[in-house]
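Visitor: For reference, this is protein-v2.csv, and it has CSV, C-alpha atoms.
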```csv
chain,number,residue,atom,x,y,z
Z,1,MET,CA,101.2,93.2,116.8
Z,2,GLU,CA,99.4,90.3,115.2
Z,3,ILE,CA,99.9,87.4,112.8
Z,4,LYS,CA,97.1,85.6,111.0
Z,5,ASP,CA,97.6,82.6,108.8
Z,6,ARG,CA,95.0,80.9,106.5
Z,7,ILE,CA,94.8,78.8,103.4
Z,8,PHE,CA,94.8,81.0,100.2
Z,9,GLY,CA,94.0,78.1,97.8
Z,10,LEU,CA,95.2,74.9,96.3
Z,11,LEU,CA,97.6,74.2,93.4
Z,12,SER,CA,96.8,71.6,90.8
Z,13,ASN,CA,99.1,69.1,92.6
Z,14,GLY,CA,97.0,69.5,95.7
Z,15,LYS,CA,99.6,71.6,97.7
Z,16,LYS,CA,98.2,74.2,99.9
Z,17,VAL,CA,99.0,77.9,99.4
Z,18,ARG,CA,99.1,80.0,102.5
Z,19,LEU,CA,98.2,83.7,103.1
Z,20,TYR,CA,99.8,85.5,106.1
Z,21,THR,CA,98.5,88.8,107.4
Z,22,LEU,CA,100.8,90.9,109.6
Z,23,SER,CA,99.7,93.8,111.7
Z,24,ALA,CA,102.1,96.2,113.4
Z,25,GLY,CA,102.0,99.9,114.1
Z,26,ASP,CA,99.4,101.5,111.7
Z,27,LEU,CA,100.0,99.0,108.9
Z,28,LYS,CA,98.6,95.7,107.8
Z,29,LEU,CA,100.5,93.6,105.2
Z,30,SER,CA,99.4,90.3,103.6
Z,31,LEU,CA,101.8,87.9,101.8
Z,32,THR,CA,101.4,84.5,100.2
Z,33,ASN,CA,104.0,81.8,99.9
Z,34,PHE,CA,103.2,81.4,96.2
Z,35,GLY,CA,105.9,83.6,94.6
Z,36,ALA,CA,106.7,85.0,98.1
Z,37,ALA,CA,104.3,87.8,97.0
Z,38,TRP,CA,103.0,90.9,98.8
Z,39,THR,CA,99.2,90.8,98.2
Z,40,SER,CA,98.0,93.8,100.1
Z,41,LEU,CA,99.2,96.7,102.3
Z,42,PHE,CA,96.8,98.9,104.2
Z,43,VAL,CA,98.1,102.3,105.1
Z,44,PRO,CA,96.3,105.2,106.9
Z,45,SER,CA,95.7,108.5,105.1
Z,46,ARG,CA,95.8,112.0,106.5
Z,47,SER,CA,92.1,111.7,107.2
Z,48,GLY,CA,92.6,108.4,109.0
Z,49,ALA,CA,91.1,106.2,106.2
Z,50,LYS,CA,93.0,103.0,105.5
Z,51,ASP,CA,93.5,102.0,101.9
Z,52,ASP,CA,95.2,99.1,100.2
Z,53,VAL,CA,98.1,100.7,98.3
Z,54,LEU,CA,99.3,97.6,96.5
Z,55,LEU,CA,98.1,96.4,93.1
Z,56,GLY,CA,97.2,92.7,93.1
Z,57,TYR,CA,94.5,90.1,92.8
Z,58,SER,CA,91.6,89.0,94.9
Z,59,GLY,CA,92.5,85.4,95.0
Z,60,LEU,CA,95.2,82.8,94.2
Z,61,GLU,CA,94.1,82.3,90.6
Z,62,GLY,CA,95.3,85.8,89.6
Z,63,TYR,CA,98.8,85.1,91.0
Z,64,LEU,CA,99.0,81.8,89.0
Z,65,ASN,CA,98.9,83.8,85.7
Z,66,ASN,CA,100.6,87.0,86.9
Z,67,GLN,CA,102.0,88.5,83.7
Z,68,PRO,CA,103.0,91.9,85.3
Z,69,PHE,CA,104.7,90.2,88.3
Z,70,LEU,CA,102.4,92.0,90.8
Z,71,GLY,CA,104.0,91.8,94.2
Z,72,VAL,CA,106.2,88.8,93.7
Z,73,THR,CA,109.8,88.0,94.7
Z,74,VAL,CA,111.9,87.8,91.5
Z,75,GLY,CA,115.0,85.5,91.1
Z,76,ARG,CA,117.5,84.0,90.5
Z,77,PHE,CA,118.2,87.2,88.5
Z,78,ALA,CA,115.7,90.1,88.4
Z,79,ASN,CA,115.5,92.3,85.3
Z,80,ARG,CA,117.0,91.7,81.8
Z,81,ILE,CA,120.0,89.7,80.6
Z,82,LYS,CA,121.0,90.4,77.0
Z,83,ASP,CA,120.5,87.7,74.4
Z,84,ALA,CA,119.3,85.4,77.2
Z,85,ALA,CA,122.9,84.2,77.9
Z,86,PHE,CA,126.0,85.0,79.9
Z,87,THR,CA,129.5,83.6,80.2
Z,88,LEU,CA,131.0,82.8,83.6
Z,89,ASN,CA,134.5,81.3,84.2
Z,90,GLY,CA,134.8,80.5,80.5
Z,91,LYS,CA,131.5,78.7,80.2
Z,92,LYS,CA,128.4,80.0,78.4
Z,93,TYR,CA,125.0,79.6,80.0
Z,94,ALA,CA,121.8,79.8,77.9
Z,95,LEU,CA,118.6,81.1,79.5
Z,96,ALA,CA,115.0,81.3,78.2
Z,97,ALA,CA,114.3,84.2,75.8
Z,98,ASN,CA,111.0,85.5,77.2
Z,99,ASP,CA,111.4,89.2,76.4
Z,100,GLY,CA,112.1,89.3,72.7
Z,101,LYS,CA,115.6,87.7,72.4
Z,102,ASN,CA,116.4,88.7,76.0
Z,103,ASN,CA,115.8,87.1,79.3
Z,104,LEU,CA,113.5,88.9,81.8
Z,105,HIS,CA,113.2,88.0,85.5
Z,106,SER,CA,114.9,84.6,84.9
Z,107,GLY,CA,112.4,83.3,82.4
Z,108,PRO,CA,108.9,81.8,82.4
Z,109,ARG,CA,109.3,79.8,85.6
Z,110,GLY,CA,111.4,81.9,87.9
Z,111,PHE,CA,111.1,82.2,91.7
Z,112,ASP,CA,107.9,84.2,91.2
Z,113,LYS,CA,106.1,81.0,89.9
Z,114,LEU,CA,107.1,78.7,92.7
Z,115,LEU,CA,105.7,77.7,96.1
Z,116,TRP,CA,108.1,78.7,98.9
Z,117,LYS,CA,108.4,77.1,102.3
Z,118,SER,CA,107.1,79.6,104.8
Z,119,GLU,CA,106.7,80.3,108.5
Z,120,ALA,CA,105.6,83.4,110.4
Z,121,TYR,CA,107.4,84.6,113.6
Z,122,GLU,CA,107.5,87.6,116.0
Z,123,GLU,CA,110.5,89.5,117.2
Z,124,SER,CA,110.6,92.3,119.8
Z,125,GLU,CA,109.9,95.1,117.3
Z,126,GLY,CA,108.0,93.4,114.5
Z,127,VAL,CA,106.2,90.5,112.9
Z,128,TYR,CA,107.7,88.6,109.9
Z,129,VAL,CA,107.3,85.8,107.4
Z,130,ARG,CA,110.4,83.8,106.5
Z,131,PHE,CA,110.3,82.3,103.0
Z,132,GLU,CA,112.7,79.6,101.8
Z,133,LEU,CA,113.3,78.1,98.4
Z,134,GLU,CA,115.7,75.4,97.1
Z,135,SER,CA,116.8,75.9,93.5
Z,136,PRO,CA,118.6,73.0,91.9
Z,137,ASP,CA,121.7,73.2,89.7
Z,138,GLY,CA,120.6,74.2,86.2
Z,139,ASP,CA,117.3,75.8,87.3
Z,140,CYS,CA,116.3,78.3,84.6
Z,141,GLY,CA,119.7,77.7,83.0
Z,142,PHE,CA,121.7,79.0,86.0
Z,143,PRO,CA,124.6,77.1,87.6
Z,144,GLY,CA,124.8,75.8,91.2
Z,145,LYS,CA,122.5,74.5,93.8
Z,146,LEU,CA,121.0,77.5,95.5
Z,147,ASN,CA,119.2,78.2,98.8
Z,148,ALA,CA,117.3,81.4,99.1
Z,149,VAL,CA,115.9,82.8,102.3
Z,150,VAL,CA,113.8,85.9,102.1
Z,151,SER,CA,112.1,87.5,105.1
Z,152,TYR,CA,109.5,90.3,105.0
Z,153,GLY,CA,108.0,91.9,108.0
Z,154,LEU,CA,106.3,94.9,109.6
Z,155,THR,CA,107.7,96.9,112.5
Z,156,LYS,CA,105.9,98.9,115.2
Z,157,SER,CA,107.4,102.0,113.5
Z,158,ASN,CA,105.5,101.5,110.2
Z,159,GLU,CA,108.3,100.0,108.2
Z,160,ILE,CA,108.4,97.0,105.9
Z,161,ILE,CA,111.7,95.2,106.3
Z,162,ALA,CA,112.9,93.0,103.5
Z,163,ASN,CA,116.0,90.8,104.0
Z,164,TYR,CA,117.4,88.6,101.2
Z,165,HIS,CA,120.0,85.9,101.8
Z,166,VAL,CA,121.3,83.4,99.2
Z,167,LYS,CA,123.8,80.6,99.4
Z,168,VAL,CA,124.9,78.8,96.2
Z,169,ASP,CA,127.5,76.0,95.9
Z,170,ASN,CA,129.0,77.3,92.6
Z,171,PRO,CA,129.5,80.8,91.3
Z,172,CYS,CA,126.3,82.2,89.9
Z,173,PRO,CA,124.7,85.6,89.2
Z,174,VAL,CA,122.2,86.4,91.9
Z,175,ASN,CA,119.8,89.4,92.0
Z,176,LEU,CA,116.6,89.2,94.1
Z,177,THR,CA,114.0,91.9,94.4
Z,178,ASN,CA,110.3,92.4,95.2
Z,179,HIS,CA,108.1,93.6,92.4
Z,180,ALA,CA,105.4,95.4,94.4
Z,181,TYR,CA,103.3,97.9,92.5
Z,182,PHE,CA,102.2,100.9,94.6
Z,183,ASN,CA,99.5,103.5,94.2
Z,184,LEU,CA,99.6,105.6,97.4
Z,185,ALA,CA,96.1,107.0,96.7
Z,186,GLY,CA,94.9,103.4,96.9
Z,187,GLU,CA,94.9,100.6,94.4
Z,188,GLY,CA,92.3,101.1,91.6
Z,189,LYS,CA,92.2,104.8,92.2
Z,190,GLY,CA,93.5,106.1,88.9
Z,191,ASP,CA,97.0,106.6,87.7
Z,192,VAL,CA,100.2,107.5,89.6
Z,193,LEU,CA,101.4,110.3,87.4
Z,194,SER,CA,100.7,113.0,90.0
Z,195,HIS,CA,102.8,111.2,92.7
Z,196,GLU,CA,105.8,113.2,93.7
Z,197,VAL,CA,109.1,111.4,93.6
Z,198,ILE,CA,112.7,111.9,94.9
Z,199,LEU,CA,115.4,109.5,93.7
Z,200,TYR,CA,118.7,109.6,95.5
Z,201,SER,CA,120.5,109.0,92.2
Z,202,SER,CA,122.9,111.2,90.4
Z,203,SER,CA,123.1,108.8,87.4
Z,204,TYR,CA,121.1,106.1,85.7
Z,205,VAL,CA,121.9,103.0,83.6
Z,206,GLU,CA,121.7,104.0,79.9
Z,207,VAL,CA,119.8,101.4,77.9
Z,208,ASP,CA,119.1,100.7,74.2
Z,209,LYS,CA,115.6,100.4,72.6
Z,210,HIS,CA,115.3,96.9,74.1
Z,211,ALA,CA,116.0,98.1,77.6
Z,212,ILE,CA,119.4,96.5,77.6
Z,213,PRO,CA,122.2,98.5,79.2
Z,214,THR,CA,124.9,100.0,77.0
Z,215,GLY,CA,127.4,99.7,79.8
Z,216,LYS,CA,127.3,103.4,80.6
Z,217,LEU,CA,126.1,105.3,83.6
Z,218,VAL,CA,124.7,108.7,82.5
Z,219,SER,CA,124.2,111.8,84.7
Z,220,VAL,CA,120.6,112.6,85.3
Z,221,LYS,CA,121.3,116.4,85.3
Z,222,GLY,CA,119.3,118.2,82.7
Z,223,THR,CA,117.4,115.1,81.6
Z,224,PRO,CA,113.9,113.7,82.2
Z,225,PHE,CA,115.6,111.2,84.6
Z,226,ASP,CA,116.5,113.9,87.2
Z,227,PHE,CA,114.5,113.2,90.3
Z,228,THR,CA,117.1,114.6,92.7
Z,229,ASN,CA,114.6,117.3,93.6
Z,230,ARG,CA,111.0,116.3,94.3
Z,231,ARG,CA,108.7,116.4,91.2
Z,232,ARG,CA,105.7,114.7,89.8
Z,233,ILE,CA,106.2,111.6,87.7
Z,234,ALA,CA,104.4,113.3,84.8
Z,235,ALA,CA,106.5,116.4,84.9
Z,236,ASN,CA,109.1,115.6,82.3
Z,237,LEU,CA,107.8,112.5,80.6
Z,238,GLY,CA,107.7,114.3,77.2
Z,239,LYS,CA,108.0,111.6,74.6
Z,240,LEU,CA,108.8,108.9,77.1
Z,241,ASN,CA,106.3,106.1,77.4
Z,242,GLY,CA,107.0,106.1,81.1
Z,243,TYR,CA,110.0,105.1,83.3
Z,244,ASP,CA,111.4,101.6,83.3
Z,245,HIS,CA,115.0,102.4,84.2
Z,246,CYS,CA,117.6,101.4,86.7
Z,247,PHE,CA,119.0,104.3,88.8
Z,248,ALA,CA,122.4,104.1,90.5
Z,249,VAL,CA,121.8,104.8,94.2
Z,250,ASP,CA,124.1,107.4,95.6
Z,251,GLY,CA,126.3,106.3,98.5
Z,252,GLU,CA,128.2,103.1,99.2
Z,253,ALA,CA,126.6,99.9,97.9
Z,254,GLY,CA,126.4,97.3,100.7
Z,255,LYS,CA,125.3,99.9,103.2
Z,256,LEU,CA,121.7,100.8,103.9
Z,257,ARG,CA,121.0,104.2,102.5
Z,258,PRO,CA,118.0,106.2,101.1
Z,259,CYS,CA,117.1,105.5,97.5
Z,260,ALA,CA,113.7,107.0,97.0
Z,261,GLU,CA,110.8,109.0,98.5
Z,262,VAL,CA,107.3,109.2,97.1
Z,263,THR,CA,104.5,111.5,98.2
Z,264,GLU,CA,100.8,111.4,97.3
Z,265,GLN,CA,99.3,114.7,98.2
Z,266,SER,CA,95.6,113.9,98.3
Z,267,SER,CA,96.0,111.2,101.0
Z,268,GLY,CA,99.2,112.7,102.5
Z,269,ARG,CA,100.9,109.3,102.3
Z,270,VAL,CA,104.7,109.3,102.1
Z,271,MET,CA,106.8,106.2,101.4
Z,272,LYS,CA,110.6,106.3,101.9
Z,273,VAL,CA,112.7,103.5,100.5
Z,274,PHE,CA,116.2,102.4,101.7
Z,275,THR,CA,118.5,99.8,100.2
Z,276,THR,CA,121.9,98.1,100.4
Z,277,GLN,CA,121.8,97.4,96.6
Z,278,PRO,CA,123.6,99.3,93.9
Z,279,GLY,CA,120.5,100.3,92.1
Z,280,VAL,CA,116.7,100.7,92.0
Z,281,GLN,CA,114.5,100.0,89.0
Z,282,PHE,CA,111.9,102.8,88.8
Z,283,TYR,CA,109.0,101.4,86.7
Z,284,THR,CA,105.7,103.3,86.1
Z,285,GLY,CA,103.5,100.5,84.9
Z,286,ASN,CA,103.9,101.4,81.3
Z,287,HIS,CA,102.6,98.0,80.1
Z,288,LEU,CA,99.9,97.3,82.7
Z,289,ASN,CA,96.7,95.8,81.3
Z,290,VAL,CA,95.0,93.9,84.0
Z,291,ALA,CA,91.3,93.5,83.6
Z,292,ALA,CA,90.7,91.6,86.9
Z,293,GLY,CA,92.5,93.2,89.8
Z,294,LYS,CA,91.3,93.4,93.3
Z,295,GLN,CA,87.6,93.9,94.1
Z,296,GLY,CA,86.8,94.5,90.4
Z,297,SER,CA,89.7,97.0,89.8
Z,298,CYS,CA,91.2,97.3,86.4
Z,299,TYR,CA,94.8,98.3,86.1
Z,300,ALA,CA,95.6,100.3,83.0
Z,301,LYS,CA,98.9,102.0,82.0
Z,302,HIS,CA,100.5,103.9,84.9
Z,303,SER,CA,98.1,102.5,87.5
Z,304,GLY,CA,101.0,101.7,89.8
Z,305,PHE,CA,104.7,102.2,90.2
Z,306,CYS,CA,107.6,99.9,91.3
Z,307,LEU,CA,110.8,100.7,93.1
Z,308,GLU,CA,112.7,97.4,92.7
Z,309,THR,CA,115.9,97.5,94.7
Z,310,GLN,CA,118.5,95.5,92.8
Z,311,HIS,CA,121.8,95.0,91.0
Z,312,PHE,CA,121.9,96.7,87.6
Z,313,PRO,CA,120.3,94.8,84.7
Z,314,ASP,CA,122.5,92.6,82.5
Z,315,THR,CA,125.3,92.7,85.1
Z,316,PRO,CA,126.4,89.2,84.2
Z,317,ASN,CA,127.5,90.6,80.8
Z,318,GLN,CA,128.8,93.9,82.1
Z,319,SER,CA,132.3,93.8,83.6
Z,320,GLY,CA,132.1,97.5,84.6
Z,321,PHE,CA,129.0,97.0,86.8
Z,322,PRO,CA,129.2,96.0,90.5
Z,323,SER,CA,129.5,92.2,90.6
Z,324,CYS,CA,126.4,90.1,91.2
Z,325,ILE,CA,128.3,86.8,91.4
Z,326,ALA,CA,127.6,84.8,94.6
Z,327,GLY,CA,129.2,81.5,95.4
Z,328,PRO,CA,130.9,79.4,98.1
Z,329,GLY,CA,132.2,81.7,100.8
Z,330,ASN,CA,130.5,84.7,99.2
Z,331,ASP,CA,126.8,84.7,100.2
Z,332,TYR,CA,124.4,87.2,98.7
Z,333,GLU,CA,122.9,89.4,101.5
Z,334,GLU,CA,120.8,92.5,100.8
Z,335,LYS,CA,118.3,94.5,102.6
Z,336,ALA,CA,115.5,97.0,101.8
Z,337,VAL,CA,113.3,99.1,104.0
Z,338,PHE,CA,109.9,100.7,103.0
Z,339,ALA,CA,108.9,103.3,105.7
Z,340,PHE,CA,105.5,105.0,105.7
Z,341,ASN,CA,104.4,108.3,107.3
Z,342,LEU,CA,102.2,111.3,106.5
Z,343,ALA,CA,103.1,114.6,105.0
```
Turn this file's structure into structure tokens for me.

Guide:
Amino acid sequence: MEIKDRIFGLLSNGKKVRLYTLSAGDLKLSLTNFGAAWTSLFVPSRSGAKDDVLLGYSGLEGYLNNQPFLGVTVGRFANRIKDAAFTLNGKKYALAANDGKNNLHSGPRGFDKLLWKSEAYEESEGVYVRFELESPDGDCGFPGKLNAVVSYGLTKSNEIIANYHVKVDNPCPVNLTNHAYFNLAGEGKGDVLSHEVILYSSSYVEVDKHAIPTGKLVSVKGTPFDFTNRRRIAANLGKLNGYDHCFAVDGEAGKLRPCAEVTEQSSGRVMKVFTTQPGVQFYTGNHLNVAAGKQGSCYAKHSGFCLETQHFPDTPNQSGFPSCIAGPGNDYEEKAVFAFNLA
């Protein structure tokens, strides 16, 4: 196992941005403390070739204007909040409307646009980076002074471990996730429509034309959202532009359980995802339009997919969804695991 640490670049205020590269087992993961972002992940193929399977940018500049949220940690609340507002304990809180009239990923300056404190460390079975962020009361419109600690690491058994821990001194909606875009054939190597997917979800969150939940969970059976058996992403797209939907993960929320499995046949790469969260947002890069990705790559529509483990979108306005409210004596603690092997 190995940890490397170097300067990734400078912000306009002169602060240094760091890049960490972790090596363990057969994997190599790089992360930066700007946005607590995953920047690259090298994974071996069936033939032994190692490819970077994460969409991203070659340098810091790309992450400073990262419209598709490539690789970043999203908070305080990932996904959409209807009408950019919510009411908690009788008080209405107004957020930035940055997705039509709705709020997306907490607004134009969420956790993904901030420089986190960071330190790398080694444990018996893995190498990790610990990221920490202080978010003041009223940040992005949310209540309470918040402390977020996120650790990402690699284990000797070819797993990425993601741990999320948040303390806040007043009740507040909290929903953290990582927004990595994967292409298991290798970044820049075409679209992901031939990837084969299993989602351990019997139902999904129904949404309106603005991707805002109606409040209903709908059975996937007999619909284009049925990934309970392995099938290609393209198999039942039909008139869909692609997938950008939250799936309710089967099993007990709060316990680590399987939520997804993705196979790319040409390379033989398989990624299995586990989460403690109630849901996972499956997004197929429907709006990707990045002209300057890594090493000259261009990322067009469907060049990558995301599996964002999270609470359901618009939960602060949906009393029927699992609660996302953290506060004194009720810390937010969630975990995700991304395990890699070969078919």

Visitor: Mind pulling up the distance from atom CA of Z:Phe225 to atom CA of Z:Val53?

Guide: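 Taking atom CA of Z:Val53 as the start and atom CA of Z:Phe225 as the end point, the length is 24.6 Å.
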
Visitor: Restricting the calculation to all atoms listed in the file, which member of Z:Asn13, Z:Asn330, Z:Ser23, Z:Ser297 is positioned closest to Z:Ile160?

Guide: Z:Ser23

Visitor: Could you check the closest approach to Z:Asn183 for each of Z:Gly25, Z:Gly304, Z:Gly100, Z:Pro313 and tell me which residue wins, using only C-alpha atoms?

Guide: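 Of Z:Gly25, Z:Gly304, Z:Gly100, Z:Pro313, the one nearest Z:Asn183, counting only C-alpha atoms, is Z:Gly304.
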
Visitor: List the residues sitting within 12 Å of (113.2, 102.9, 82.2) in the file's frame, using all atoms listed in the file, as a PyMOL selection string.

Guide: chain Z and resi 79-80+204-213+224-225+237+240-247+280-287+305-308+312-313

Visitor: With only C-alpha atoms as the atoms that count, which of Z:Glu187, Z:Glu132, Z:Glu261, Z:Phe86 lies nearest to Z:Ser319?

Guide: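 For Z:Ser319, the nearest of the given residues is Z:Phe86.
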